[in-house]
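Novice: Please find one structure pasted underneath; my questions will follow.
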Amino acid sequence: MQKIEIKNLSKTYNKNIVAVNNISFEIDDKDFFVLLGPSGCGKSTTLRLIGGLENCTQGNIILGDKDITNLDPKDRDLAFVFQNYALYPHMNVRKNLSFALKLKKTSPKIIESKISEVSKLLKINEVLERKPSELSGGQRQRVALGRALVRNPKAFLLDEPLSNLDARLRAIMRTELIKIHKNLKRTFIYVTHDQVEAMTMANKICIMNKGVILQIGSPKDVYENPNCLFVANFLANPLNNIIKTEIKIDNNNILFKKINLLINSENFNFNITNNEIYFSIRPEHIYLDKRPDTIKIDSKIEVLENLGHETIVCTKIKDTNEIIYFRDSKNNRFKPGEDISIYFDLKKMLYFDINTELRLIEVK
Amino acid sequence: MKKSILKILSHLILIIFSLIIILPLLWILRNSFTNKLNAYKIPPEFSPIIFDNYIEIFSKYPFDSYFINSFVVAFGTTIISLPLAAFIAYAFAKFNTGGKQLRLFLLSTQMIPPIIIVLPIFSIYLSLNLLNTYLGLIIAHITIILPFLSWMLISFYSRDIFMIEAAARSDGATRFQALYLICLPLIAPGLIAAGLLGFILSWNEFIFVLILSGKATSTLPIGLSTLSTHRGVEIALLAAATTLTVLPALILLPFIKKYLIKGLSLGALK
Amino acid sequence: MKYIKILFLVLTISILSFSSKAVTLNAIMENVPDTHFIKELLPDFTAKTGHEVEMDIMGYGEMHPKMVPSLTSSTGSIDFMPVDFYWVGEFARAGWMMPLDDMIARDGFDTSVYFDSMMKLVGEVEGTTYMLPFYNYAMGLTYRKDLVADPSHQAGFKAKYGMDLKEPTSWDEYMKQVSYFTKNGTEYGVVNQGSKADPIAMEWSNYLYANGGRFHDENWHGELTSDAAKQALKDYIHNLQDHGPVGAASFSFDEAFNVAAQGQAYSYLTYNWFMPSYEDSSQSAVVGKMALAPVPGNGSLNGAWGWAIPTSSPNAEAAWEFIKWVESPEIVAKRALMGGAPTRSDAFSNPEVLAKYPHYDALNRILASAKNFPVFTYTPQFVEVMGTELSKAVIGEKSIDDALATMNSELEALAKKDGVYKN
Amino acid sequence: MSNNLDLSDRRFGYILTAPTVLIITLVILFPICFSLISSFFDYTLINKSFNDFIGIDNYINSFKDEQLFNSIFVTIYFVILVVLLEFILGFFIALLLNSITRFKSIYYFILLLPLLINPIVVGLIWRMFLHPQLGIFNYLLSLINIEPVNWLGDPQMAFITIIFVDIWHQVSFMIILLLAGLSAIPKEPYEAAKSDGANIYECFIHITLPYMRPVIVVTILIRLIFAIKTYDLVYIMTKGGPGDSTDLISYYIYRSAFISLNLGEAAAMSLILLVIIIIITIPLFKYMNRLD
């Protein structure tokens, strides 16, 4: 049972650049824990701090019941997989894989069996004698993974391991990683800026921005209940529809001025201090047919993006300049310039404070 | 098409450059097989090849011991300096140990003409019994070569190399293991170039050897300077000795091929 | 207590006497033929005395830097040393040389076999004998005797100048010959060694003496601004530029010798021991064609090395044995026969030597009349000054008068610093 | 506040630095201090004692010494020309060598040869080659009807000749260092740039130069220091002449130490030289630090 606990961790470079600012979280044993955020948000630094590749400025890292904050990386028993693989260029694949085991003075027999096991699993048994420079990108990625796997560490730290692969390979590796995680029953800490990866692989996502943690939770949780505008925005595909608007409340109705949307106030139980808010609605929550708890909006189609299995439709709300995206599961149904009616799912609409950008809490 | 023209042009320039370098050397080679009279004859005449010069530098002069001494000193100096330089350069590049001040200090010790430092060193060596010993010469050469090699190697520790080193660290390598198992092989082109220069600098160093050596440890530069006598330069002997002096390059050739020409492909990084 | 002291004394003496029985003498020697000849003769010394001699042979330029650190330290590594006349003043002033008078008197070594000027140069300093002369490099005129003997040139010369063509004895005669032979019978009338420092300084000194000039008077007052000195420098520049090869201003003796040895020059004022080199067919195309003569106008500059024992010598007594051996008449005669450049005058009248080296007769005349360079503590510095100033005058960077004035004032300044200058 | 890991990082840095710093300090620092002290005394090898304290007289004498200033100017010209020309030529050749694949080791072998020849020998053999009457150079020139060149007997020409010989001897130094730097540049940026349509010149400006900058600075810095210390070449070839046209400062100091035996004055001049070198190198050094 190895729980990883991060307590008040901070990292400051050159005395004034704060990369990680006082973050705390827990990772349960066997979690597939994803650190998600845009580049420069401090997620990689956090991972490197856990791995001991950087020294933290403040805070503690506890593995199980052991404080490893000041432990040398070699004594942490955590395996790192790097974004650009960081394979040892002067060693062939076999030596790359056996490096860690040799350092631990593992017997050659065990090393041999480990390597053949892992290389078969990762389908790199054919290239064991090659140098990294003679491998394809996918193979390099597998070797990097294999190098971590042979060690059987307490946890795996993966720093955007798929980002250098093309889209197809990435999808394949994603599934493989999920399988590996299931088989190994080990903790994975995975850093990515790709929300699809996060959503598909994680059982817990931690969203970071500007060195602080915004939200931690299961993929479903953070997707459905983002606690701030940033999270709502980041976990959306293709794009979240966010509209900054003035609101006007009278009697039972609330008017979103920007798009002339009038909804019943029973769908809007918030204390607001400002007469301006953000509201967001994801593309998949906009329908073409009327359903319960929806509201109709008239718009005009601007652009159609045909993805094959679906079409991303970009429309402009009537009498405004606001652009709204939504998905249509059928293709070639519309033409640009066509007027259509769309339906917002009132239950899925999210509201955020204009200043703090935090989610507005429903008043019961 | 354009590419091949460019290639030919490159080779053409390199051939001209090589000729400028090597023709004087070939003329030395030619002079080593003739006597002084023919060496100076203008217009040059064909003269029968004689090996007297090669015999004389070993029979009349102890060039065999000059050669051995040069090898021992230059090799010893390089073997000791190279790892030390690689270590300190690593510390500079990674931890900035000692800051700029230490780096500048290291280099500034080399900005004083050696003539000034060699006399006090003579007194120290005299009391330590280091005069006329290999050890004494090697230590002296290390002090004048190490700072340069250290500086040279700093720039070879790139960010990419430290990243691979980080991988080794998380793979369970100690700091030192990561340094010599990963970083040192990765800066091999730099190490070979530095080693080559260290060897050459020690091979050619004159003042320190002159003052600190004795008959038993004198190196080639001392032997060669002997040939510039008060009765004129023994140019034919000098040519023979010089021809032998450049021979170590042949020994270095395989290393050059392996590490410098190919370079080390860090292609696996990206 | 007393007994222990006596015991200790006896022990020391016995060790010392034992060590004086068979020691290895260390020396730094210049790479000149004489050194190699002595090396060949060493078995004789070892057989006679039991001492071994280890010679560290090096180039001239390296000897001084190599010897000085050892001489300045209290425990020396050098047992005996050759001393260039350049260094005599400096070595004496620094107290690096052991006085030899007692040993000379004790063993009855006869120093009268050396020319007076030689003893003054590399023997005595202010009345004390520190050295025995070793080998000489007095300068003389080397010239093409085949050209002088050529009847057509004799006729041509007589027609042009109204005097006989023969070995020149007066400076004026020599200058005429230089002019005559330029581009006539050979390429250049003269080849000069105009390189900075010692080559030009030594060569020009012959011109100075040949013109009747001198460096200083008895009180070390400089005489380099005299008309003779000016004429000497004028002659030098004239010869170098009008009768010599292009680039002679950069020639050291090696380049100059090679021009002469390739038969391209009529004459070359240089060290007498280039004569054996002219006779060596592996480096000379003028075998049998060169003759040696004193610099015309009694202008020959003396030059020599002496043997000295450093005060720090660990084996002074054995070193003295060596010097006595190496300067004994038999060994000197052998060295002379091998082609050396001895300083003992008896070598010059040795019939065997004269038979083999006819030029020894001329050498005898040179040494008898050769004049010394100023020997004082700052001789090397003064050579540096001369080298620079003469070189500047030759390339026209400085006028003759200015160059000589600087040399003169520097000479006086150095003499004052040394204390030899008297008001 | 720093934690234990920072501490042990720093300790590791010290452990790696210690041997070098120790050796350098032990062997060189004492002589440097010694010469610093001796520069305030009338300290000569003839009179080896610290009895005659003369304060800054040695420095004053040095500053009054016209010859010394001439040497400094000659040295500055020499160093700038030699380093600049060797760098331009060396970089050019290194780039060419880096771009080809065939015969590379042959070229490399050839250019390595001069470095293995002692400067003293280089001086002697070139003096032979450049002999106005008996040298091969003027002979070859005479074949194409060029008058004999007075390589070393003319002040300007001698200076140019010294520079040429130094380049012949030392340019390989630059090539080796720069080529090592070039071979350590990854290939990918070039491939990427080429696919973006960059030409050779643009690749050079945007990839090679930025990657090479640290190596270039170090190479120039090291070569600069060596060039300032050059003395053997002029000692052999010209003795600083004709006149004082090639009288490099290191040779001047050499003479002052070993011919005049005036160690105190030589030490004073060396320290003046040290200050000059530091003044010259500090901008380079600062530039380098900015790169980190």
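In the structure tokens, the first chain shown is A, the next is B, and so on; residue numbers restart at 1 for each chain, and ligands run from 1 in the order shown.
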With a cut-off of 9 Å, could you pull out the residues of segment 262-285 of chain C touching segment 221-239 of chain B and give me the nearest pair of atoms for each, distance in Å to one decimal, using only C-alpha atoms, ordered by chain and ascending number, as CSV?
Specialist:
```
residue,atom,partner,partner_atom,distance
C:Tyr271,CA,B:Arg231,CA,8.7
C:Trp273,CA,B:Arg231,CA,8.0
C:Phe274,CA,B:Arg231,CA,7.0
C:Ser277,CA,B:Arg231,CA,8.5
```
Novice: Within 9 Å of segment 338-352 of chain A, counting only C-alpha atoms, which residues show up once you throw out same-chain ones fewer than 2 positions away? Write them as a PyMOL selection string, please.
Specialist: chain A and resi 224-229+232+263+267+270+277-282+285-302+315+318+334-336+354-361
Novice: Write out the residues from the selection above, keeping N, CA and C atoms, as a compact mmCIF listing (two decimals), in the first residue's frame.
Specialist:
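Here's the written file again.txt:
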```
# COMPACT_ATOMS: atom_id res chain seq x y z
N GLU A 224 -17.86 17.20 -15.51
CA GLU A 224 -19.24 17.66 -15.32
C GLU A 224 -19.32 18.80 -14.33
N ASN A 225 -18.47 18.77 -13.37
CA ASN A 225 -18.52 19.80 -12.34
C ASN A 225 -17.23 20.59 -12.23
N PRO A 226 -16.85 21.25 -13.27
CA PRO A 226 -15.63 22.04 -13.16
C PRO A 226 -15.85 23.13 -12.12
N ASN A 227 -14.82 23.39 -11.34
CA ASN A 227 -15.01 24.38 -10.28
C ASN A 227 -14.62 25.78 -10.71
N CYS A 228 -14.12 25.89 -11.92
CA CYS A 228 -13.80 27.22 -12.38
C CYS A 228 -13.84 27.27 -13.91
N LEU A 229 -13.82 28.45 -14.39
CA LEU A 229 -13.92 28.67 -15.82
C LEU A 229 -12.78 27.97 -16.56
N ALA A 232 -13.38 24.27 -16.87
CA ALA A 232 -14.46 24.06 -17.81
C ALA A 232 -13.97 24.23 -19.24
N ILE A 263 -34.24 33.15 -19.87
CA ILE A 263 -34.61 31.85 -19.31
C ILE A 263 -35.34 32.05 -17.99
N ASN A 267 -34.30 28.01 -13.15
CA ASN A 267 -33.08 27.34 -13.59
C ASN A 267 -31.83 28.09 -13.17
N PHE A 270 -28.70 31.45 -8.16
CA PHE A 270 -27.38 31.87 -7.68
C PHE A 270 -27.45 33.24 -7.04
N ILE A 277 -21.64 38.06 -15.85
CA ILE A 277 -21.14 36.71 -15.56
C ILE A 277 -20.59 36.08 -16.83
N TYR A 278 -19.88 34.94 -16.59
CA TYR A 278 -19.60 34.06 -17.71
C TYR A 278 -20.60 32.94 -17.65
N PHE A 279 -21.08 32.52 -18.80
CA PHE A 279 -21.76 31.24 -18.77
C PHE A 279 -21.19 30.38 -19.88
N SER A 280 -21.22 29.08 -19.65
CA SER A 280 -20.64 28.19 -20.64
C SER A 280 -21.58 27.05 -20.94
N ILE A 281 -21.56 26.60 -22.14
CA ILE A 281 -22.29 25.40 -22.52
C ILE A 281 -21.45 24.64 -23.51
N ARG A 282 -21.25 23.36 -23.23
CA ARG A 282 -20.40 22.57 -24.09
C ARG A 282 -21.09 22.25 -25.40
N HIS A 285 -23.83 19.71 -25.54
CA HIS A 285 -25.07 19.99 -24.83
C HIS A 285 -25.97 20.95 -25.60
N ILE A 286 -25.69 21.09 -26.84
CA ILE A 286 -26.54 21.89 -27.71
C ILE A 286 -27.18 20.92 -28.70
N TYR A 287 -28.51 20.94 -28.74
CA TYR A 287 -29.22 19.95 -29.56
C TYR A 287 -29.88 20.62 -30.73
N LEU A 288 -30.29 19.76 -31.68
CA LEU A 288 -31.02 20.28 -32.84
C LEU A 288 -32.51 20.05 -32.74
N ASP A 289 -32.87 19.27 -31.70
CA ASP A 289 -34.29 19.04 -31.52
C ASP A 289 -34.70 19.45 -30.11
N LYS A 290 -35.91 19.72 -29.97
CA LYS A 290 -36.37 20.18 -28.67
C LYS A 290 -36.47 19.00 -27.72
N ARG A 291 -35.91 19.18 -26.53
CA ARG A 291 -35.98 18.15 -25.50
C ARG A 291 -36.43 18.84 -24.22
N PRO A 292 -36.70 18.05 -23.16
CA PRO A 292 -37.08 18.70 -21.90
C PRO A 292 -35.94 19.57 -21.39
N ASP A 293 -36.30 20.64 -20.70
CA ASP A 293 -35.33 21.57 -20.12
C ASP A 293 -34.36 22.14 -21.14
N THR A 294 -34.84 22.46 -22.26
CA THR A 294 -33.97 23.13 -23.23
C THR A 294 -34.61 24.44 -23.63
N ILE A 295 -33.81 25.24 -24.22
CA ILE A 295 -34.35 26.51 -24.70
C ILE A 295 -33.89 26.76 -26.12
N LYS A 296 -34.77 27.27 -26.89
CA LYS A 296 -34.51 27.41 -28.31
C LYS A 296 -33.79 28.73 -28.61
N ILE A 297 -32.83 28.64 -29.51
CA ILE A 297 -32.12 29.85 -29.95
C ILE A 297 -32.02 29.80 -31.47
N ASP A 298 -32.25 30.93 -32.07
CA ASP A 298 -32.14 30.98 -33.53
C ASP A 298 -30.74 31.42 -33.93
N SER A 299 -30.22 30.77 -34.95
CA SER A 299 -28.87 31.13 -35.38
C SER A 299 -28.71 30.85 -36.86
N LYS A 300 -27.54 31.26 -37.33
CA LYS A 300 -27.24 31.13 -38.74
C LYS A 300 -25.89 30.43 -38.88
N ILE A 301 -25.84 29.42 -39.74
CA ILE A 301 -24.61 28.63 -39.84
C ILE A 301 -23.51 29.41 -40.55
N GLU A 302 -22.35 29.39 -39.92
CA GLU A 302 -21.19 30.10 -40.51
C GLU A 302 -20.25 29.14 -41.21
N THR A 315 -22.05 28.33 -35.58
CA THR A 315 -23.17 29.20 -35.95
C THR A 315 -23.08 30.53 -35.23
N LYS A 318 -28.52 34.75 -33.83
CA LYS A 318 -29.26 35.82 -34.52
C LYS A 318 -29.12 37.15 -33.80
N PHE A 334 -26.39 20.42 -43.37
CA PHE A 334 -26.63 21.86 -43.52
C PHE A 334 -25.71 22.45 -44.56
N LYS A 335 -26.04 23.70 -44.86
CA LYS A 335 -25.16 24.47 -45.73
C LYS A 335 -24.82 25.77 -45.02
N PRO A 336 -23.67 26.32 -45.23
CA PRO A 336 -23.36 27.62 -44.62
C PRO A 336 -24.40 28.65 -45.05
N ILE A 354 -17.66 36.68 -12.62
CA ILE A 354 -16.91 37.47 -13.60
C ILE A 354 -15.52 37.85 -13.10
N ASN A 355 -15.36 37.95 -11.80
CA ASN A 355 -14.06 38.36 -11.25
C ASN A 355 -13.18 37.16 -10.89
N THR A 356 -13.74 36.26 -10.09
CA THR A 356 -12.91 35.16 -9.61
C THR A 356 -12.84 34.03 -10.62
N GLU A 357 -13.73 34.04 -11.55
CA GLU A 357 -13.86 32.97 -12.53
C GLU A 357 -14.20 31.64 -11.89
N LEU A 358 -14.61 31.67 -10.62
CA LEU A 358 -15.02 30.44 -9.95
C LEU A 358 -16.44 30.11 -10.31
N ARG A 359 -16.77 28.86 -10.22
CA ARG A 359 -18.13 28.42 -10.53
C ARG A 359 -19.09 29.01 -9.50
N LEU A 360 -20.22 29.48 -9.96
CA LEU A 360 -21.21 30.01 -9.04
C LEU A 360 -21.94 28.84 -8.39
N ILE A 361 -22.07 28.93 -7.10
CA ILE A 361 -22.66 27.82 -6.37
C ILE A 361 -24.19 28.00 -6.32
```
Novice: Quick one: which chain A residues come within 9 Å of chain B, and what is the nearest atom pair for each with the distance in Å to one decimal, counting only C-alpha atoms, rows ordered by chain and ascending number, as JSON lines?
Specialist:
```
{"residue": "A:Gly51", "atom": "CA", "partner": "B:Ser170", "partner_atom": "CA", "distance": 6.9}
{"residue": "A:Gly52", "atom": "CA", "partner": "B:Ser170", "partner_atom": "CA", "distance": 7.7}
{"residue": "A:Leu53", "atom": "CA", "partner": "B:Ala166", "partner_atom": "CA", "distance": 6.3}
{"residue": "A:Asp72", "atom": "CA", "partner": "B:Thr174", "partner_atom": "CA", "distance": 8.2}
{"residue": "A:Pro73", "atom": "CA", "partner": "B:Ser170", "partner_atom": "CA", "distance": 5.3}
{"residue": "A:Lys74", "atom": "CA", "partner": "B:Gly172", "partner_atom": "CA", "distance": 3.8}
{"residue": "A:Asp75", "atom": "CA", "partner": "B:Gly172", "partner_atom": "CA", "distance": 6.9}
{"residue": "A:Arg76", "atom": "CA", "partner": "B:Ser170", "partner_atom": "CA", "distance": 8.1}
{"residue": "A:Asp77", "atom": "CA", "partner": "B:Gly172", "partner_atom": "CA", "distance": 7.4}
{"residue": "A:Leu78", "atom": "CA", "partner": "B:Ser170", "partner_atom": "CA", "distance": 6.8}
{"residue": "A:Ala79", "atom": "CA", "partner": "B:Ser170", "partner_atom": "CA", "distance": 6.1}
{"residue": "A:Phe80", "atom": "CA", "partner": "B:Ser170", "partner_atom": "CA", "distance": 6.2}
{"residue": "A:Val81", "atom": "CA", "partner": "B:Ala167", "partner_atom": "CA", "distance": 7.9}
{"residue": "A:Phe82", "atom": "CA", "partner": "B:Ala167", "partner_atom": "CA", "distance": 7.7}
{"residue": "A:Asn84", "atom": "CA", "partner": "B:Lys270", "partner_atom": "CA", "distance": 5.6}
{"residue": "A:Tyr85", "atom": "CA", "partner": "B:Leu269", "partner_atom": "CA", "distance": 7.0}
{"residue": "A:Ala86", "atom": "CA", "partner": "B:Ile164", "partner_atom": "CA", "distance": 4.7}
{"residue": "A:Leu87", "atom": "CA", "partner": "B:Ile164", "partner_atom": "CA", "distance": 6.6}
{"residue": "A:Tyr88", "atom": "CA", "partner": "B:Ile164", "partner_atom": "CA", "distance": 6.5}
{"residue": "A:Pro89", "atom": "CA", "partner": "B:Ala268", "partner_atom": "CA", "distance": 5.8}
{"residue": "A:His90", "atom": "CA", "partner": "B:Pro185", "partner_atom": "CA", "distance": 7.1}
{"residue": "A:Phe99", "atom": "CA", "partner": "B:Asp171", "partner_atom": "CA", "distance": 7.5}
{"residue": "A:Ala100", "atom": "CA", "partner": "B:Asp171", "partner_atom": "CA", "distance": 4.9}
{"residue": "A:Leu101", "atom": "CA", "partner": "B:Asp171", "partner_atom": "CA", "distance": 8.4}
{"residue": "A:Leu103", "atom": "CA", "partner": "B:Ala173", "partner_atom": "CA", "distance": 6.5}
{"residue": "A:Lys104", "atom": "CA", "partner": "B:Gly172", "partner_atom": "CA", "distance": 7.5}
{"residue": "A:Lys131", "atom": "CA", "partner": "B:Ala268", "partner_atom": "CA", "distance": 8.3}
{"residue": "A:Pro132", "atom": "CA", "partner": "B:Ala268", "partner_atom": "CA", "distance": 5.2}
{"residue": "A:Ser133", "atom": "CA", "partner": "B:Ala268", "partner_atom": "CA", "distance": 4.5}
{"residue": "A:Glu134", "atom": "CA", "partner": "B:Ala268", "partner_atom": "CA", "distance": 8.0}
{"residue": "A:Leu135", "atom": "CA", "partner": "B:Ala268", "partner_atom": "CA", "distance": 8.1}
{"residue": "A:Gly137", "atom": "CA", "partner": "B:Lys270", "partner_atom": "CA", "distance": 8.4}
{"residue": "A:Arg140", "atom": "CA", "partner": "B:Ala268", "partner_atom": "CA", "distance": 7.9}
{"residue": "A:Arg147", "atom": "CA", "partner": "B:Asp171", "partner_atom": "CA", "distance": 8.3}
{"residue": "A:Ala148", "atom": "CA", "partner": "B:Asp171", "partner_atom": "CA", "distance": 7.8}
{"residue": "A:Arg151", "atom": "CA", "partner": "B:Asp171", "partner_atom": "CA", "distance": 8.1}
{"residue": "A:Asn164", "atom": "CA", "partner": "B:Lys270", "partner_atom": "CA", "distance": 8.3}
```
Novice: Considering only C-alpha atoms, tabulate each residue of chain D that lies at most 10 Å from chain C along with its nearest interatomic pair and the corresponding distance in Å to one decimal; arrange the rows by chain and ascending residue number and present them as JSON lines.
Specialist:
```
{"residue": "D:Thr44", "atom": "CA", "partner": "C:Ala94", "partner_atom": "CA", "distance": 9.8}
{"residue": "D:Leu45", "atom": "CA", "partner": "C:Thr72", "partner_atom": "CA", "distance": 6.9}
{"residue": "D:Ile46", "atom": "CA", "partner": "C:Ala94", "partner_atom": "CA", "distance": 4.6}
{"residue": "D:Asn47", "atom": "CA", "partner": "C:Ala94", "partner_atom": "CA", "distance": 6.5}
{"residue": "D:Lys48", "atom": "CA", "partner": "C:Thr72", "partner_atom": "CA", "distance": 7.8}
{"residue": "D:Arg127", "atom": "CA", "partner": "C:Glu255", "partner_atom": "CA", "distance": 8.5}
{"residue": "D:Met128", "atom": "CA", "partner": "C:Glu255", "partner_atom": "CA", "distance": 7.8}
{"residue": "D:Leu130", "atom": "CA", "partner": "C:Gly247", "partner_atom": "CA", "distance": 9.8}
{"residue": "D:His131", "atom": "CA", "partner": "C:Glu255", "partner_atom": "CA", "distance": 7.1}
{"residue": "D:Pro132", "atom": "CA", "partner": "C:Gly247", "partner_atom": "CA", "distance": 6.0}
{"residue": "D:Gln133", "atom": "CA", "partner": "C:Pro245", "partner_atom": "CA", "distance": 7.3}
{"residue": "D:Leu134", "atom": "CA", "partner": "C:Val259", "partner_atom": "CA", "distance": 7.2}
{"residue": "D:Gly135", "atom": "CA", "partner": "C:Glu255", "partner_atom": "CA", "distance": 9.9}
{"residue": "D:Pro148", "atom": "CA", "partner": "C:Val246", "partner_atom": "CA", "distance": 7.6}
{"residue": "D:Val149", "atom": "CA", "partner": "C:Val246", "partner_atom": "CA", "distance": 8.0}
{"residue": "D:Asn150", "atom": "CA", "partner": "C:Gly247", "partner_atom": "CA", "distance": 5.0}
{"residue": "D:Trp151", "atom": "CA", "partner": "C:Gly247", "partner_atom": "CA", "distance": 7.2}
{"residue": "D:Leu152", "atom": "CA", "partner": "C:Ser250", "partner_atom": "CA", "distance": 5.6}
{"residue": "D:Gly153", "atom": "CA", "partner": "C:Gly247", "partner_atom": "CA", "distance": 4.4}
{"residue": "D:Asp154", "atom": "CA", "partner": "C:Ile395", "partner_atom": "CA", "distance": 7.1}
{"residue": "D:Pro155", "atom": "CA", "partner": "C:Ile395", "partner_atom": "CA", "distance": 7.6}
{"residue": "D:Ala158", "atom": "CA", "partner": "C:Ser250", "partner_atom": "CA", "distance": 8.9}
{"residue": "D:Tyr235", "atom": "CA", "partner": "C:Gly61", "partner_atom": "CA", "distance": 9.6}
{"residue": "D:Ile236", "atom": "CA", "partner": "C:Gly61", "partner_atom": "CA", "distance": 9.7}
{"residue": "D:Met237", "atom": "CA", "partner": "C:Ser250", "partner_atom": "CA", "distance": 8.4}
{"residue": "D:Thr238", "atom": "CA", "partner": "C:Ser250", "partner_atom": "CA", "distance": 6.6}
{"residue": "D:Lys239", "atom": "CA", "partner": "C:Lys196", "partner_atom": "CA", "distance": 5.8}
{"residue": "D:Gly240", "atom": "CA", "partner": "C:Lys196", "partner_atom": "CA", "distance": 7.3}
{"residue": "D:Gly241", "atom": "CA", "partner": "C:Lys196", "partner_atom": "CA", "distance": 5.8}
{"residue": "D:Pro242", "atom": "CA", "partner": "C:Ser391", "partner_atom": "CA", "distance": 5.7}
{"residue": "D:Gly243", "atom": "CA", "partner": "C:Lys392", "partner_atom": "CA", "distance": 4.2}
{"residue": "D:Asp244", "atom": "CA", "partner": "C:Thr388", "partner_atom": "CA", "distance": 6.7}
{"residue": "D:Ser245", "atom": "CA", "partner": "C:Lys392", "partner_atom": "CA", "distance": 9.4}
{"residue": "D:Tyr254", "atom": "CA", "partner": "C:Pro65", "partner_atom": "CA", "distance": 9.8}
{"residue": "D:Arg255", "atom": "CA", "partner": "C:Gln381", "partner_atom": "CA", "distance": 8.9}
{"residue": "D:Ser256", "atom": "CA", "partner": "C:Gln381", "partner_atom": "CA", "distance": 8.8}
{"residue": "D:Ala257", "atom": "CA", "partner": "C:Pro65", "partner_atom": "CA", "distance": 9.0}
{"residue": "D:Phe258", "atom": "CA", "partner": "C:Pro65", "partner_atom": "CA", "distance": 5.9}
{"residue": "D:Ile259", "atom": "CA", "partner": "C:Pro380", "partner_atom": "CA", "distance": 6.1}
{"residue": "D:Ser260", "atom": "CA", "partner": "C:Gln381", "partner_atom": "CA", "distance": 5.9}
{"residue": "D:Leu261", "atom": "CA", "partner": "C:Val68", "partner_atom": "CA", "distance": 8.9}
```
Novice: Apply DSSP to the backbone of this structure and, from segment 133-211 of chain A, keep only the residues in helix (DSSP H, G or I); write these as a PyMOL selection string.
Specialist: chain A and resi 133-134+137-149+167-184+195-201
Novice: For chain B against chain D, which residues fall within 6 Å using only C-alpha atoms, given as an MDAnalysis selection string?
Specialist: chainID B and resid 10 40 42 87:88 91 97 111:112 117 120 143 155 189:190 200 204 246 257 263 266
Novice: Could you list, as number ranges by chain, the residues of chain C having an atom within 6 Å of chain B when counting only C-alpha atoms?
Specialist: C: 31, 56, 58-59, 66, 254, 282-284
Novice: With a distance cut-off of 9 Å and only C-alpha atoms, select the neighbouring residues of Val127 of chain A, excluding the residue or stretch itself and same-chain residues fewer than 2 positions from it, and output the selection as a ChimeraX atom specification.
Specialist: /A:92-94,123-125,129-131,135,139
Novice: Give one line per residue of chain A that approaches chain D to at most 7 Å, naming the two atoms of the closest pair and their distance in Å to one decimal, counting only C-alpha atoms; sort by chain then ascending residue number and deliver it as a Markdown table.
Specialist:
```
| residue | atom | partner | partner_atom | distance |
| --- | --- | --- | --- | --- |
| A:Asn55 | CA | D:Leu5 | CA | 6.1 |
| A:Thr57 | CA | D:Ser2 | CA | 6.6 |
| A:Asn70 | CA | D:Leu5 | CA | 5.5 |
```
Novice: With only C-alpha atoms as the atoms that count, which of C:Gly288, C:Pro358, C:Gly89, C:Gly299 lies nearest to Lys371 of chain C?
Specialist: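 Closest candidate: C:Gly299.
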Novice: With only C-alpha atoms as the basis for distance, which of A:Leu255, A:Ile27, A:Ile115, A:Met199 is at the shortest distance from Thr187 of chain A?
Specialist: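 Of all the options, A:Ile27 lies closest to Thr187 of chain A.
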Novice: List the neighbours of segment 233-235 of chain A out to 8 Å using only C-alpha atoms; skip same-chain residues closer than 6 positions along the sequence, and give me the result as an MDAnalysis selection string.
Specialist: chainID A and resid 37 195 223 242
Novice: Quick one: pick out all strand (DSSP E) residues within segment 103-254 of chain A from a backbone DSSP run and write them as a PyMOL selection string.
Specialist: chain A and resi 155-159+187-192+204-209+212-217+241-250+253-254
